[in-house]
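The structure appears right after this line, and notes come after that.
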Amino acid sequence: ITGSKSIFRVLRGGKELLWEPFSNRYEGLYRVRRNLYKNTYGNKIIFEEENLDLDLVFSYQWNSSNRFGFVRKAKLANRGGEEVSVRLLDGLQNLMPYGVTTELQNTRSNLVDAYKKSELLPDTGLGIYALSAIIVDRAEPSEALKCHTVWSAGLPAARRLICGRQLAAFRRGEEVQEEVDIRAERGAYFLHDTCSLAAGAELSWYLVAEVN
């Protein structure tokens, strides 16, 4: 329920096939090979899963940036000899709003969930994650005036989800709707798009998480 989550619905041979990399949910359904890479300095890491049955390779790379925070680059490559159509849902789960300390999360996580507020600015695709109020044990108002943000690049036509409510519907093949205002739910930032990959082609996109 925390961190990266990717789900693909792959149209091939008149059938739509479900693939969820790095998950044990469908273990044994496909022949897969997983790889892990890091650079010499240890400040970049790549997770990669090769689906040998679908001839697709998905990877995501974590980088840190002084200017932008955490930068996640995702890439989907078609290693097969035919064009393939893919509906993708990719992003980050359980994004913490500003103002939640480690101690507060460890001892009062359900209370923290009740205060969470996630918003999307549709024109820019910016996700905003904040508390409806600072959590204090004193009878006084305490506004939450700071937030964490997530934005994306590379999939300009994608719809965006800011919580995990619709993941099960996407797995069932149902359409998902863009979300703009979610309260009292764990924040997330997912991109939903449909793409076609020619033989040997690849597609990449970025998520930038400016969090504490």
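For the structure tokens, the naming scheme is as follows: chains receive sequential letters (A, B, ...) according to their order of presentation, residues are indexed from 1 within each chain, and ligands are indexed from 1 in presentation order.
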
Worksheet entry | Residue list (strand (DSSP E or B), DSSP) for range 88-181 of chain A, as number ranges by chain | A: 88-95, 116-121, 126-131, 148-153, 159-161, 181

Discussion item. Report, in Å to a single decimal, how far apart CA of Trp205 in chain A and CA of Phe58 in chain A are.
Written reply: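 Computing the Euclidean distance for CA of Phe58 in chain A and CA of Trp205 in chain A yields 11.7 Å.
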
Practice prompt. State, in Å with one decimal place, the distance from CA of Leu36 in chain A to CA of Arg9 in chain A.
Written response: 23.8 Å

Discussion item. Please extract the residues of range 57-203 of chain A with a backbone DSSP assignment of helix (DSSP H, G or I) and present them as a PyMOL selection string.
Written reply: chain A and resi 102-107+109-115+167-171

Quick one: write out the picked residues with C-alpha atoms as a compact mmCIF listing (two decimals), in the first residue's frame?
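The resulting result-v5.txt:
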```txt
# COMPACT_ATOMS: atom_id res chain seq x y z
CA THR A 102 7.43 9.83 12.21
CA GLU A 103 6.18 9.59 15.80
CA LEU A 104 2.70 10.81 14.86
CA GLN A 105 2.45 8.37 11.94
CA ASN A 106 3.67 5.43 14.04
CA THR A 107 1.30 6.07 16.95
CA SER A 109 -1.88 6.66 11.75
CA ASN A 110 -5.69 6.27 11.64
CA LEU A 111 -6.12 9.75 13.10
CA VAL A 112 -3.68 11.11 10.53
CA ASP A 113 -5.71 9.50 7.73
CA ALA A 114 -8.81 11.36 8.91
CA TYR A 115 -7.00 14.71 8.53
CA LEU A 167 -7.27 0.46 -8.56
CA ALA A 168 -9.58 -2.55 -8.19
CA ALA A 169 -11.89 -1.19 -10.88
CA PHE A 170 -8.95 -0.78 -13.27
CA ARG A 171 -7.88 -4.38 -12.60
```

Give me, as a short mmCIF file (atom, residue, chain, number, x, y, z; two decimals) with C-alpha atoms, in the first residue's frame, all polymer residues having an atom no more than 6 Å from Asp193 in chain A, counting only C-alpha atoms and skipping those fewer than 2 positions away in the same chain.
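Now in result_29.cif:
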```
data_model
loop_
_atom_site.label_atom_id
_atom_site.label_comp_id
_atom_site.auth_asym_id
_atom_site.auth_seq_id
_atom_site.Cartn_x
_atom_site.Cartn_y
_atom_site.Cartn_z
CA ARG A 87 -3.65 0.82 -20.88
CA LEU A 88 -1.43 1.85 -18.00
CA ALA A 158 -3.03 11.18 -18.99
#
```

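Shell of range 77-81 of chain A at 7 Å, with only C-alpha atoms counted and residues fewer than 6 places along the chain excluded, is Asp55, Leu56, Val57, Phe58, Leu197, Ala199, Gly200, Ala201, Glu202 and Leu203 of chain A.
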
Worksheet item: Got a sec: who's within 8 Å of range 147-149 of chain A, counting only C-alpha atoms, leaving out chain neighbours fewer than 3 positions off, as a VMD selection string?
Response: chain A and resid 96 to 98 126 to 131 144 209 to 212

Worksheet entry | Residue contacts of Asn63 in chain A (12 Å, only C-alpha atoms) excluding same-chain residues fewer than 4 positions away, as JSON, numbers by chain | {"A": [38, 39, 41, 42, 43, 44, 45, 46, 67, 68, 69, 70, 71, 72, 73, 74, 206, 207, 208, 209]}

Fill in: Two-atom distance - CA of Lys5 in chain A, CA of Glu20 in chain A (Å)
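Atom-to-atom, CA of Lys5 in chain A and CA of Glu20 in chain A are spaced 8.2 Å apart.
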
Item to complete: Name the residues in contact with range 175-182 of chain A at a cut-off of 10 Å, using only C-alpha atoms, excluding same-chain residues fewer than 2 positions from it; report them as an MDAnalysis selection string.
Response: chainID A and resid 89 116:122 125 127:129 158:163 165:173 184:187 189:192

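Closest approach to Glu48 in chain A from the set A:Ile1, A:Ile134, A:Ala188, A:Leu76 is made by A:Leu76, with distances taken over only C-alpha atoms.
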
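Between Lys15 in chain A and the candidates A:Leu54, A:Ser204, A:Asp123, A:Gly28, the tightest atom-to-atom separation, counting only C-alpha atoms, involves A:Leu54.
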